[in-house]
>>> print(open('query-v6.cif').read())   # mmCIF, C-alpha atoms and all ligand atoms
data_run
#
loop_
_atom_site.group_PDB
_atom_site.id
_atom_site.type_symbol
_atom_site.label_atom_id
_atom_site.label_comp_id
_atom_site.auth_asym_id
_atom_site.auth_seq_id
_atom_site.Cartn_x
_atom_site.Cartn_y
_atom_site.Cartn_z
ATOM 1 C CA MET B 30 136.849 129.257 132.134
ATOM 2 C CA THR B 31 133.696 130.865 133.417
ATOM 3 C CA GLU B 32 130.554 128.961 134.371
ATOM 4 C CA VAL B 33 130.205 126.675 131.404
ATOM 5 C CA ALA B 34 126.933 127.913 130.009
ATOM 6 C CA ALA B 35 127.997 126.469 126.695
ATOM 7 C CA ALA B 36 128.475 123.078 128.317
ATOM 8 C CA ALA B 37 127.004 121.369 125.276
ATOM 9 C CA ASP B 38 130.034 122.560 123.277
ATOM 10 C CA VAL B 39 132.550 120.919 125.558
ATOM 11 C CA LEU B 40 130.558 118.011 126.913
ATOM 12 C CA GLN B 41 129.813 114.695 125.263
ATOM 13 C CA CYS B 42 127.927 111.706 126.614
ATOM 14 C CA LEU B 43 130.034 108.601 125.831
ATOM 15 C CA PHE B 44 127.973 105.834 127.362
ATOM 16 C CA VAL B 45 124.274 106.088 128.125
ATOM 17 C CA ASP B 46 122.971 103.969 130.985
ATOM 18 C CA ASN B 47 121.314 104.610 134.350
ATOM 19 C CA GLN B 48 124.175 102.995 136.237
ATOM 20 C CA LEU B 49 123.558 102.974 139.963
ATOM 21 C CA LEU B 50 126.945 104.266 141.121
ATOM 22 C CA ALA B 51 129.543 104.625 138.400
ATOM 23 C CA GLU B 52 132.843 105.676 139.983
ATOM 24 C CA GLY B 53 136.602 105.460 139.782
ATOM 25 C CA PRO B 54 137.335 106.329 136.112
ATOM 26 C CA LEU B 55 140.815 105.296 134.930
ATOM 27 C CA TYR B 56 142.322 106.002 131.503
ATOM 28 C CA GLN B 57 144.827 103.461 130.244
ATOM 29 C CA HIS B 58 146.108 102.737 126.709
ATOM 30 C CA GLY B 59 143.078 104.157 124.921
ATOM 31 C CA TRP B 60 140.528 102.533 127.229
ATOM 32 C CA LEU B 61 138.420 104.150 129.907
ATOM 33 C CA TYR B 62 137.836 101.822 132.866
ATOM 34 C CA TRP B 63 135.303 102.433 135.621
ATOM 35 C CA VAL B 64 133.311 100.582 138.265
ATOM 36 C CA ASP B 65 129.600 100.551 139.013
ATOM 37 C CA ILE B 66 129.898 99.971 142.755
ATOM 38 C CA LYS B 67 126.247 99.214 143.454
ATOM 39 C CA GLY B 68 125.759 97.504 140.091
ATOM 40 C CA LEU B 69 128.514 94.966 140.930
ATOM 41 C CA ALA B 70 130.152 95.612 137.579
ATOM 42 C CA LEU B 71 133.484 96.540 136.056
ATOM 43 C CA HIS B 72 133.354 98.343 132.695
ATOM 44 C CA ARG B 73 135.723 99.478 129.994
ATOM 45 C CA LEU B 74 135.192 101.486 126.845
ATOM 46 C CA GLN B 75 137.684 101.690 123.992
ATOM 47 C CA LEU B 76 137.540 105.375 123.165
ATOM 48 C CA ALA B 77 138.591 105.129 119.503
ATOM 49 C CA THR B 78 136.060 102.433 118.571
ATOM 50 C CA ALA B 79 133.361 102.806 121.274
ATOM 51 C CA GLU B 80 133.710 99.075 121.981
ATOM 52 C CA HIS B 81 132.239 98.492 125.431
ATOM 53 C CA GLN B 82 132.900 95.531 127.716
ATOM 54 C CA GLN B 83 131.349 94.780 131.057
ATOM 55 C CA ARG B 84 131.867 92.069 133.649
ATOM 56 C CA HIS B 85 129.970 91.148 136.758
ATOM 57 C CA VAL B 86 132.003 91.069 139.977
ATOM 58 C CA PRO B 87 131.069 88.915 142.976
ATOM 59 C CA GLU B 88 131.886 91.621 145.532
ATOM 60 C CA GLN B 89 131.527 95.386 145.084
ATOM 61 C CA ILE B 90 134.669 96.845 143.497
ATOM 62 C CA THR B 91 134.863 100.502 144.496
ATOM 63 C CA SER B 92 138.034 101.650 142.713
ATOM 64 C CA ILE B 93 140.574 100.408 140.185
ATOM 65 C CA SER B 94 144.176 101.629 139.861
ATOM 66 C CA PRO B 95 147.127 100.491 137.734
ATOM 67 C CA ARG B 96 149.754 98.167 139.144
ATOM 68 C CA GLN B 97 153.410 98.180 138.049
ATOM 69 C CA SER B 98 153.592 94.412 137.768
ATOM 70 C CA GLY B 99 150.566 94.474 135.438
ATOM 71 C CA GLY B 100 146.847 94.385 136.086
ATOM 72 C CA PHE B 101 145.187 96.450 138.743
ATOM 73 C CA VAL B 102 145.035 97.037 142.459
ATOM 74 C CA VAL B 103 141.414 97.459 143.537
ATOM 75 C CA THR B 104 139.406 98.277 146.602
ATOM 76 C CA THR B 105 136.434 96.046 147.268
ATOM 77 C CA ARG B 106 133.626 96.465 149.741
ATOM 78 C CA THR B 107 135.784 94.921 152.479
ATOM 79 C CA GLY B 108 139.409 95.397 151.538
ATOM 80 C CA PHE B 109 142.183 95.532 148.989
ATOM 81 C CA GLY B 110 142.706 93.126 146.121
ATOM 82 C CA PHE B 111 144.228 92.517 142.714
ATOM 83 C CA ILE B 112 142.930 91.574 139.295
ATOM 84 C CA ASP B 113 145.573 90.590 136.751
ATOM 85 C CA ASP B 114 143.590 91.813 133.755
ATOM 86 C CA PHE B 115 140.082 92.966 132.920
ATOM 87 C CA SER B 116 138.545 89.505 133.016
ATOM 88 C CA ALA B 117 140.756 87.850 135.655
ATOM 89 C CA PRO B 118 139.400 86.681 139.021
ATOM 90 C CA LEU B 119 139.627 88.942 142.049
ATOM 91 C CA ARG B 120 142.309 88.046 144.592
ATOM 92 C CA SER B 121 141.600 89.567 147.970
ATOM 93 C CA LEU B 122 144.201 90.634 150.550
ATOM 94 C CA GLY B 123 141.792 90.168 153.476
ATOM 95 C CA VAL B 124 139.123 92.058 155.394
ATOM 96 C CA VAL B 125 140.346 95.431 156.660
ATOM 97 C CA GLU B 126 137.549 96.406 159.085
ATOM 98 C CA PRO B 127 135.995 93.119 160.307
ATOM 99 C CA ALA B 128 134.362 94.891 163.283
ATOM 100 C CA LEU B 129 132.499 97.349 160.997
ATOM 101 C CA PRO B 130 130.260 95.253 158.713
ATOM 102 C CA ASP B 131 128.274 98.295 157.494
ATOM 103 C CA ASN B 132 131.448 100.015 156.319
ATOM 104 C CA ARG B 133 132.739 99.727 152.790
ATOM 105 C CA PHE B 134 135.663 101.097 150.833
ATOM 106 C CA ASN B 135 135.011 104.025 148.510
ATOM 107 C CA ASP B 136 137.484 106.107 146.425
ATOM 108 C CA ALA B 137 141.219 105.312 146.113
ATOM 109 C CA LYS B 138 144.271 106.593 144.245
ATOM 110 C CA VAL B 139 148.015 105.859 143.997
ATOM 111 C CA ASP B 140 150.463 108.463 145.336
ATOM 112 C CA PRO B 141 153.798 109.376 143.673
ATOM 113 C CA PHE B 142 155.588 106.989 146.071
ATOM 114 C CA GLY B 143 153.615 104.030 144.725
ATOM 115 C CA ASN B 144 151.257 103.618 147.708
ATOM 116 C CA LEU B 145 147.480 103.308 147.341
ATOM 117 C CA TRP B 146 145.393 105.693 149.482
ATOM 118 C CA ALA B 147 141.796 104.575 150.071
ATOM 119 C CA GLY B 148 138.948 105.650 152.304
ATOM 120 C CA THR B 149 136.153 103.697 153.957
ATOM 121 C CA MET B 150 132.642 104.959 154.690
ATOM 122 C CA ASP B 151 129.481 104.003 156.527
ATOM 123 C CA ASP B 152 127.387 102.569 153.695
ATOM 124 C CA LEU B 153 124.287 103.765 155.588
ATOM 125 C CA GLU B 154 125.831 107.283 155.527
ATOM 126 C CA LYS B 155 125.042 107.968 159.203
ATOM 127 C CA THR B 156 127.986 107.164 161.500
ATOM 128 C CA PRO B 157 131.460 108.762 161.404
ATOM 129 C CA CYS B 158 133.295 105.440 161.273
ATOM 130 C CA GLY B 159 135.097 105.917 157.955
ATOM 131 C CA SER B 160 138.882 106.095 157.785
ATOM 132 C CA LEU B 161 141.640 106.926 155.342
ATOM 133 C CA TYR B 162 144.135 104.091 154.744
ATOM 134 C CA ARG B 163 147.430 103.698 152.964
ATOM 135 C CA LEU B 164 148.352 100.371 151.342
ATOM 136 C CA THR B 165 152.111 100.104 150.803
ATOM 137 C CA PRO B 166 153.881 98.176 148.029
ATOM 138 C CA GLU B 167 154.610 95.564 150.729
ATOM 139 C CA HIS B 168 150.821 95.066 151.048
ATOM 140 C CA GLN B 169 150.655 96.502 154.581
ATOM 141 C CA TRP B 170 147.787 98.822 155.418
ATOM 142 C CA GLN B 171 147.637 101.537 158.044
ATOM 143 C CA VAL B 172 145.038 104.151 159.114
ATOM 144 C CA PHE B 173 146.144 107.773 158.746
ATOM 145 C CA ASP B 174 142.897 109.632 159.495
ATOM 146 C CA THR B 175 139.453 108.750 160.788
ATOM 147 C CA GLY B 176 136.035 110.139 161.832
ATOM 148 C CA TYR B 177 134.427 110.426 158.405
ATOM 149 C CA ILE B 178 130.863 109.385 157.547
ATOM 150 C CA VAL B 179 131.747 109.346 153.819
ATOM 151 C CA THR B 180 135.369 109.621 152.650
ATOM 152 C CA ASN B 181 135.982 110.574 149.054
ATOM 153 C CA GLY B 182 138.405 111.563 146.365
ATOM 154 C CA PRO B 183 141.952 111.223 147.567
ATOM 155 C CA THR B 184 144.203 112.911 145.026
ATOM 156 C CA PHE B 185 147.622 114.536 144.976
ATOM 157 C CA ALA B 186 149.203 117.836 143.983
ATOM 158 C CA PRO B 187 151.313 117.567 140.788
ATOM 159 C CA ASP B 188 154.541 117.944 142.805
ATOM 160 C CA GLY B 189 153.477 115.022 145.019
ATOM 161 C CA ARG B 190 153.805 117.037 148.222
ATOM 162 C CA ARG B 191 150.123 117.407 149.185
ATOM 163 C CA LEU B 192 147.199 114.986 149.490
ATOM 164 C CA PHE B 193 143.608 116.235 149.135
ATOM 165 C CA HIS B 194 140.749 114.337 150.731
ATOM 166 C CA ASN B 195 137.010 114.911 151.209
ATOM 167 C CA ASP B 196 134.552 114.727 154.056
ATOM 168 C CA SER B 197 131.574 114.512 151.699
ATOM 169 C CA VAL B 198 128.804 114.855 154.280
ATOM 170 C CA HIS B 199 130.265 118.034 155.807
ATOM 171 C CA LYS B 200 131.229 119.306 152.354
ATOM 172 C CA GLN B 201 134.849 119.847 153.367
ATOM 173 C CA ILE B 202 137.979 119.361 151.284
ATOM 174 C CA PHE B 203 141.024 118.761 153.465
ATOM 175 C CA VAL B 204 144.660 119.044 152.483
ATOM 176 C CA PHE B 205 147.589 117.263 154.139
ATOM 177 C CA ASP B 206 151.344 117.434 153.650
ATOM 178 C CA LEU B 207 152.518 114.225 151.975
ATOM 179 C CA ASP B 208 155.892 112.501 151.924
ATOM 180 C CA ALA B 209 157.218 108.953 151.760
ATOM 181 C CA SER B 210 156.320 108.387 155.413
ATOM 182 C CA GLY B 211 152.652 109.418 155.030
ATOM 183 C CA ILE B 212 150.523 112.505 155.713
ATOM 184 C CA SER B 213 150.576 115.230 158.356
ATOM 185 C CA ASN B 214 149.348 118.770 159.046
ATOM 186 C CA LYS B 215 145.644 118.302 158.173
ATOM 187 C CA ARG B 216 143.852 121.571 157.387
ATOM 188 C CA VAL B 217 140.732 122.721 155.527
ATOM 189 C CA PHE B 218 141.441 123.446 151.856
ATOM 190 C CA ALA B 219 137.871 124.499 150.994
ATOM 191 C CA GLN B 220 134.460 124.431 152.627
ATOM 192 C CA LEU B 221 131.714 124.084 150.021
ATOM 193 C CA GLY B 222 128.619 126.222 150.547
ATOM 194 C CA VAL B 223 124.928 125.896 149.714
ATOM 195 C CA ASP B 224 125.530 126.527 146.026
ATOM 196 C CA HIS B 225 127.624 123.343 145.823
ATOM 197 C CA GLY B 226 126.881 119.649 146.230
ATOM 198 C CA HIS B 227 128.900 117.119 148.232
ATOM 199 C CA PRO B 228 132.553 116.829 147.193
ATOM 200 C CA ASP B 229 133.091 113.381 145.679
ATOM 201 C CA GLY B 230 135.874 112.107 143.401
ATOM 202 C CA MET B 231 138.496 114.595 142.236
ATOM 203 C CA THR B 232 141.638 115.043 140.194
ATOM 204 C CA VAL B 233 144.307 117.690 139.605
ATOM 205 C CA ASP B 234 145.327 119.366 136.363
ATOM 206 C CA ALA B 235 148.822 120.322 135.203
ATOM 207 C CA GLN B 236 148.340 123.818 136.660
ATOM 208 C CA GLY B 237 147.825 122.334 140.118
ATOM 209 C CA CYS B 238 144.103 123.137 140.187
ATOM 210 C CA LEU B 239 141.613 120.697 141.691
ATOM 211 C CA TRP B 240 138.559 119.390 139.781
ATOM 212 C CA VAL B 241 135.969 118.381 142.361
ATOM 213 C CA CYS B 242 132.917 116.332 141.348
ATOM 214 C CA GLU B 243 129.784 117.363 143.195
ATOM 215 C CA TYR B 244 127.305 114.699 144.266
ATOM 216 C CA ALA B 245 123.844 116.337 144.218
ATOM 217 C CA GLY B 246 125.623 119.371 142.759
ATOM 218 C CA TRP B 247 125.060 119.066 138.973
ATOM 219 C CA GLY B 248 128.667 119.645 138.001
ATOM 220 C CA ILE B 249 132.393 119.789 138.659
ATOM 221 C CA SER B 250 134.054 122.747 140.375
ATOM 222 C CA ARG B 251 137.618 123.842 139.756
ATOM 223 C CA PHE B 252 139.649 125.261 142.654
ATOM 224 C CA ASP B 253 143.022 126.990 142.406
ATOM 225 C CA PRO B 254 146.024 125.545 144.312
ATOM 226 C CA ASP B 255 145.174 127.748 147.319
ATOM 227 C CA GLY B 256 141.565 126.529 147.582
ATOM 228 C CA LYS B 257 139.854 129.445 145.849
ATOM 229 C CA PHE B 258 136.812 128.507 143.750
ATOM 230 C CA MET B 259 137.405 129.295 140.072
ATOM 231 C CA ALA B 260 134.568 127.946 137.918
ATOM 232 C CA LYS B 261 132.022 125.196 137.553
ATOM 233 C CA LEU B 262 131.468 122.830 134.651
ATOM 234 C CA ALA B 263 127.719 122.147 134.520
ATOM 235 C CA LEU B 264 126.429 118.626 133.842
ATOM 236 C CA PRO B 265 122.879 117.538 132.976
ATOM 237 C CA VAL B 266 122.796 115.131 135.943
ATOM 238 C CA ALA B 267 122.783 115.795 139.689
ATOM 239 C CA ASN B 268 125.084 113.099 141.038
ATOM 240 C CA VAL B 269 128.538 113.629 139.592
ATOM 241 C CA THR B 270 130.815 111.083 141.250
ATOM 242 C CA SER B 271 134.344 111.164 139.839
ATOM 243 C CA CYS B 272 136.604 112.380 137.047
ATOM 244 C CA THR B 273 140.010 111.720 135.528
ATOM 245 C CA PHE B 274 142.032 113.189 132.686
ATOM 246 C CA GLY B 275 142.714 110.894 129.749
ATOM 247 C CA GLY B 276 143.612 110.790 126.086
ATOM 248 C CA ASP B 277 147.079 110.888 124.457
ATOM 249 C CA GLN B 278 147.802 114.327 125.872
ATOM 250 C CA ARG B 279 145.609 113.944 128.985
ATOM 251 C CA GLU B 280 143.462 116.637 127.412
ATOM 252 C CA THR B 281 139.984 115.219 128.083
ATOM 253 C CA LEU B 282 138.167 115.023 131.395
ATOM 254 C CA TYR B 283 136.241 111.732 131.744
ATOM 255 C CA ILE B 284 133.352 111.828 134.180
ATOM 256 C CA THR B 285 131.263 109.203 136.009
ATOM 257 C CA THR B 286 127.772 109.791 137.451
ATOM 258 C CA ALA B 287 125.136 107.955 139.480
ATOM 259 C CA ALA B 288 121.417 107.190 139.290
ATOM 260 C CA LYS B 289 121.095 105.538 142.709
ATOM 261 C CA GLY B 290 118.460 107.030 144.990
ATOM 262 C CA LEU B 291 116.722 109.086 142.305
ATOM 263 C CA THR B 292 112.925 109.057 142.192
ATOM 264 C CA ALA B 293 111.102 108.304 138.937
ATOM 265 C CA ALA B 294 110.384 112.038 138.601
ATOM 266 C CA GLU B 295 114.050 112.928 139.126
ATOM 267 C CA LEU B 296 115.101 110.318 136.600
ATOM 268 C CA ALA B 297 112.655 111.757 134.080
ATOM 269 C CA GLU B 298 114.273 115.164 134.627
ATOM 270 C CA GLN B 299 117.811 113.774 134.240
ATOM 271 C CA PRO B 300 117.543 110.770 131.916
ATOM 272 C CA LEU B 301 121.333 110.589 131.523
ATOM 273 C CA ALA B 302 121.896 110.007 135.265
ATOM 274 C CA GLY B 303 124.440 107.226 135.641
ATOM 275 C CA SER B 304 125.987 107.821 132.211
ATOM 276 C CA ILE B 305 129.641 108.466 131.360
ATOM 277 C CA PHE B 306 130.678 111.858 129.956
ATOM 278 C CA ALA B 307 133.767 113.436 128.380
ATOM 279 C CA ALA B 308 134.591 117.145 128.486
ATOM 280 C CA ALA B 309 137.175 119.159 126.577
ATOM 281 C CA VAL B 310 138.005 121.589 129.364
ATOM 282 C CA GLY B 311 141.035 123.289 127.819
ATOM 283 C CA VAL B 312 143.648 122.164 130.348
ATOM 284 C CA GLN B 313 145.701 119.001 130.622
ATOM 285 C CA GLY B 314 145.835 116.509 133.430
ATOM 286 C CA ILE B 315 148.940 114.868 134.850
ATOM 287 C CA GLN B 316 150.244 111.330 134.449
ATOM 288 C CA GLY B 317 148.868 109.223 137.287
ATOM 289 C CA ALA B 318 151.140 107.038 139.407
ATOM 290 C CA VAL B 319 151.177 103.235 139.465
ATOM 291 C CA PHE B 320 151.022 100.996 142.525
ATOM 292 C CA LEU B 321 154.516 99.609 143.100
ATOM 293 C CA GLY B 322 153.433 96.425 144.887
HETATM 294 C C1 LIG R 1 129.616 107.241 147.498
HETATM 295 C C2 LIG R 1 128.120 107.264 147.600
HETATM 296 C C3 LIG R 1 127.689 108.544 148.290
HETATM 297 C C4 LIG R 1 128.275 109.729 147.576
HETATM 298 C C5 LIG R 1 127.929 111.062 148.170
HETATM 299 C C6 LIG R 1 130.055 108.458 146.779
HETATM 300 O O1 LIG R 1 131.434 108.437 146.651
HETATM 301 O O2 LIG R 1 130.071 106.087 146.825
HETATM 302 O O3 LIG R 1 127.663 106.135 148.259
HETATM 303 O O4 LIG R 1 126.279 108.611 148.301
HETATM 304 O O5 LIG R 1 129.665 109.595 147.513
HETATM 305 O O6 LIG R 1 128.494 111.312 149.387
HETATM 306 CA CA CA R 2 133.419 108.570 145.208
#
>>> encode(input="query-v6.cif", output="structure tokens", more="lines below")
Ligand code: BGC
Ligand code: CA
Amino acid sequence: MTEVAAAADVLQCLFVDNQLLAEGPLYQHGWLYWVDIKGLALHRLQLATAEHQQRHVPEQITSISPRQSGGFVVTTRTGFGFIDDFSAPLRSLGVVEPALPDNRFNDAKVDPFGNLWAGTMDDLEKTPCGSLYRLTPEHQWQVFDTGYIVTNGPTFAPDGRRLFHNDSVHKQIFVFDLDASGISNKRVFAQLGVDHGHPDGMTVDAQGCLWVCEYAGWGISRFDPDGKFMAKLALPVANVTSCTFGGDQRETLYITTAAKGLTAAELAEQPLAGSIFAAAVGVQGIQGAVFLG
């Protein structure tokens, strides 16, 4: 794939709304789930019928991942929690960073061992007090890395042996070795330059390549398994927040975006900011893991 000049051919807008901070897309049984973190909402869209459902949540939900026992494990502003189905109440596991009231959770994903990896960030986006946590199936959490202003996008290589994670402010993608005991051997996978935005949510495809959403970057960049930039899928909105493969064959890339912080002039230039998109990118994704707790 070269720069997708013909983006209109592969890209479709599925849900039009200026959501503040749509994030965390999850495909499950024909439905696309996502959160609007700043809009205090959980959404789902049945892809075959376009039926859309939305619920208000009392605390920001920042990510949603499948749980083996049914329902979902979520990250909230302050910690981890569970919801047993789309409309069930949120059950919280407690406050993770009580001494950091300006911090909140951000992206999260389940590793092949059934643990949930989730990062926190300074919601004011100024202080490097964000950390990367692992929640085990026994519901214990532990910090594995720290010093981030904004964490983003944990995801895993298809063989389950590497974890990728972003320092969004410094535009760095890190890679770690991953095993059942955790992560080690942190190194830079890619440093994004001036022609890229801030690395946000990401996913891997079946070829082991990384699809990195670019906040303030108008698209999604694909990197090969060694960190070499390959191509960029252009979007008609600046703040591209996260993506996931879905569909029967995991053949479609579903994409969330954000309208938060845009001026009226910027919004006029990108009226679809905050909408949900789908792209036929010509490669398949991998089956995501489920939380074993
Ligand atoms: C966060 C936003 C932040 C953006 C860019 C997102 O994941 O939720 O609050 O502005 O990343 O760094
Ligand atoms: Ca994110």
>>> closest_residue(input="query-v6.cif", among="B:Asp234, B:Asp229, B:Asp46, B:Asp196", to="ligand CA 2 (chain R)", atoms="all atoms listed in the file")
B:Asp229
>>> closest_residue(input="query-v6.cif", among="B:Arg190, B:Gly159, B:Gly276, B:Trp146", to="Ala77 (chain B)", atoms="all atoms listed in the file")
B:Gly276
>>> resolve_selection(input="query-v6.cif", expression="the PyMOL selection byres (((not hetatm)) within 8 of (chain R and resi 2))", output="list of chain:residue names")
B:Glu52, B:Gly53, B:Asn135, B:Asp136, B:Thr180, B:Asn181, B:Gly182, B:Asp229, B:Gly230, B:Thr270, B:Ser271
>>> resolve_selection(input="query-v6.cif", expression="the PyMOL selection byres (((not hetatm)) within 9 of (chain R and resi 1))", output="number ranges by chain")
B: 50-52, 66-67, 91, 134-136, 150-154, 178-182, 196-198, 200, 226-230, 243-245, 268-271, 287, 289-290
>>> residues_around(input="query-v6.cif", residues="Thr165 (chain B)", least_positions_apart="2", cutoff="9 Å", atoms="all atoms listed in the file", output="list of chain:residue names")
B:Gly143, B:Asn144, B:Leu145, B:Trp146, B:Arg163, B:Glu167, B:His168, B:Gln169, B:Trp170, B:Gln171, B:Phe320, B:Leu321, B:Gly322
>>> decode(input="query-v6.cif", residues="region 235-243 of chain B", atoms="all heavy atoms", output="CSV table (one decimal), in the first residue's frame")
chain,number,residue,atom,x,y,z
B,235,ALA,N,-1.9,-9.4,10.7
B,235,ALA,CA,-1.5,-10.8,10.6
B,235,ALA,C,0.0,-11.0,10.1
B,235,ALA,O,0.6,-12.0,10.3
B,235,ALA,CB,-2.4,-11.7,9.8
B,236,GLN,N,0.5,-9.9,9.4
B,236,GLN,CA,1.9,-9.9,9.0
B,236,GLN,C,2.8,-9.3,10.0
B,236,GLN,O,4.0,-9.2,9.7
B,236,GLN,CB,1.9,-9.1,7.7
B,236,GLN,CG,1.1,-9.7,6.5
B,236,GLN,CD,1.0,-8.8,5.3
B,236,GLN,OE1,1.6,-7.8,5.2
B,236,GLN,NE2,0.1,-9.2,4.4
B,237,GLY,N,2.3,-9.0,11.2
B,237,GLY,CA,3.2,-8.5,12.2
B,237,GLY,C,3.4,-7.0,12.1
B,237,GLY,O,4.3,-6.5,12.8
B,238,CYS,N,2.8,-6.3,11.2
B,238,CYS,CA,3.0,-4.9,11.1
B,238,CYS,C,2.1,-4.1,12.0
B,238,CYS,O,1.0,-4.6,12.4
B,238,CYS,CB,2.7,-4.5,9.6
B,238,CYS,SG,3.8,-5.3,8.4
B,239,LEU,N,2.5,-2.9,12.4
B,239,LEU,CA,1.9,-2.1,13.4
B,239,LEU,C,1.1,-1.0,12.7
B,239,LEU,O,1.7,-0.3,11.9
B,239,LEU,CB,3.0,-1.6,14.3
B,239,LEU,CG,2.6,-1.1,15.7
B,239,LEU,CD1,2.0,-2.2,16.5
B,239,LEU,CD2,3.9,-0.6,16.4
B,240,TRP,N,-0.2,-0.8,13.1
B,240,TRP,CA,-1.0,0.3,12.6
B,240,TRP,C,-1.1,1.3,13.7
B,240,TRP,O,-1.8,1.0,14.7
B,240,TRP,CB,-2.4,-0.3,12.1
B,240,TRP,CG,-2.3,-1.2,10.9
B,240,TRP,CD1,-1.9,-2.5,10.9
B,240,TRP,CD2,-2.6,-0.8,9.6
B,240,TRP,NE1,-1.9,-3.0,9.6
B,240,TRP,CE2,-2.3,-2.0,8.8
B,240,TRP,CE3,-3.0,0.4,8.9
B,240,TRP,CZ2,-2.5,-2.0,7.4
B,240,TRP,CZ3,-3.2,0.3,7.5
B,240,TRP,CH2,-3.0,-0.8,6.8
B,241,VAL,N,-0.6,2.5,13.5
B,241,VAL,CA,-0.4,3.5,14.5
B,241,VAL,C,-1.3,4.7,14.2
B,241,VAL,O,-1.1,5.4,13.2
B,241,VAL,CB,1.0,3.9,14.7
B,241,VAL,CG1,1.2,4.9,15.8
B,241,VAL,CG2,2.0,2.7,14.9
B,242,CYS,N,-2.3,4.9,15.0
B,242,CYS,CA,-3.2,6.1,14.8
B,242,CYS,C,-2.4,7.3,15.3
B,242,CYS,O,-1.7,7.3,16.2
B,242,CYS,CB,-4.4,6.0,15.7
B,242,CYS,SG,-5.5,4.6,15.1
B,243,GLU,N,-2.6,8.4,14.5
B,243,GLU,CA,-1.8,9.6,14.8
B,243,GLU,C,-2.8,10.7,15.2
B,243,GLU,O,-3.6,11.2,14.4
B,243,GLU,CB,-1.0,10.0,13.5
B,243,GLU,CG,0.0,9.0,13.2
B,243,GLU,CD,0.9,9.5,12.0
B,243,GLU,OE1,1.0,10.7,11.8
B,243,GLU,OE2,1.5,8.6,11.4
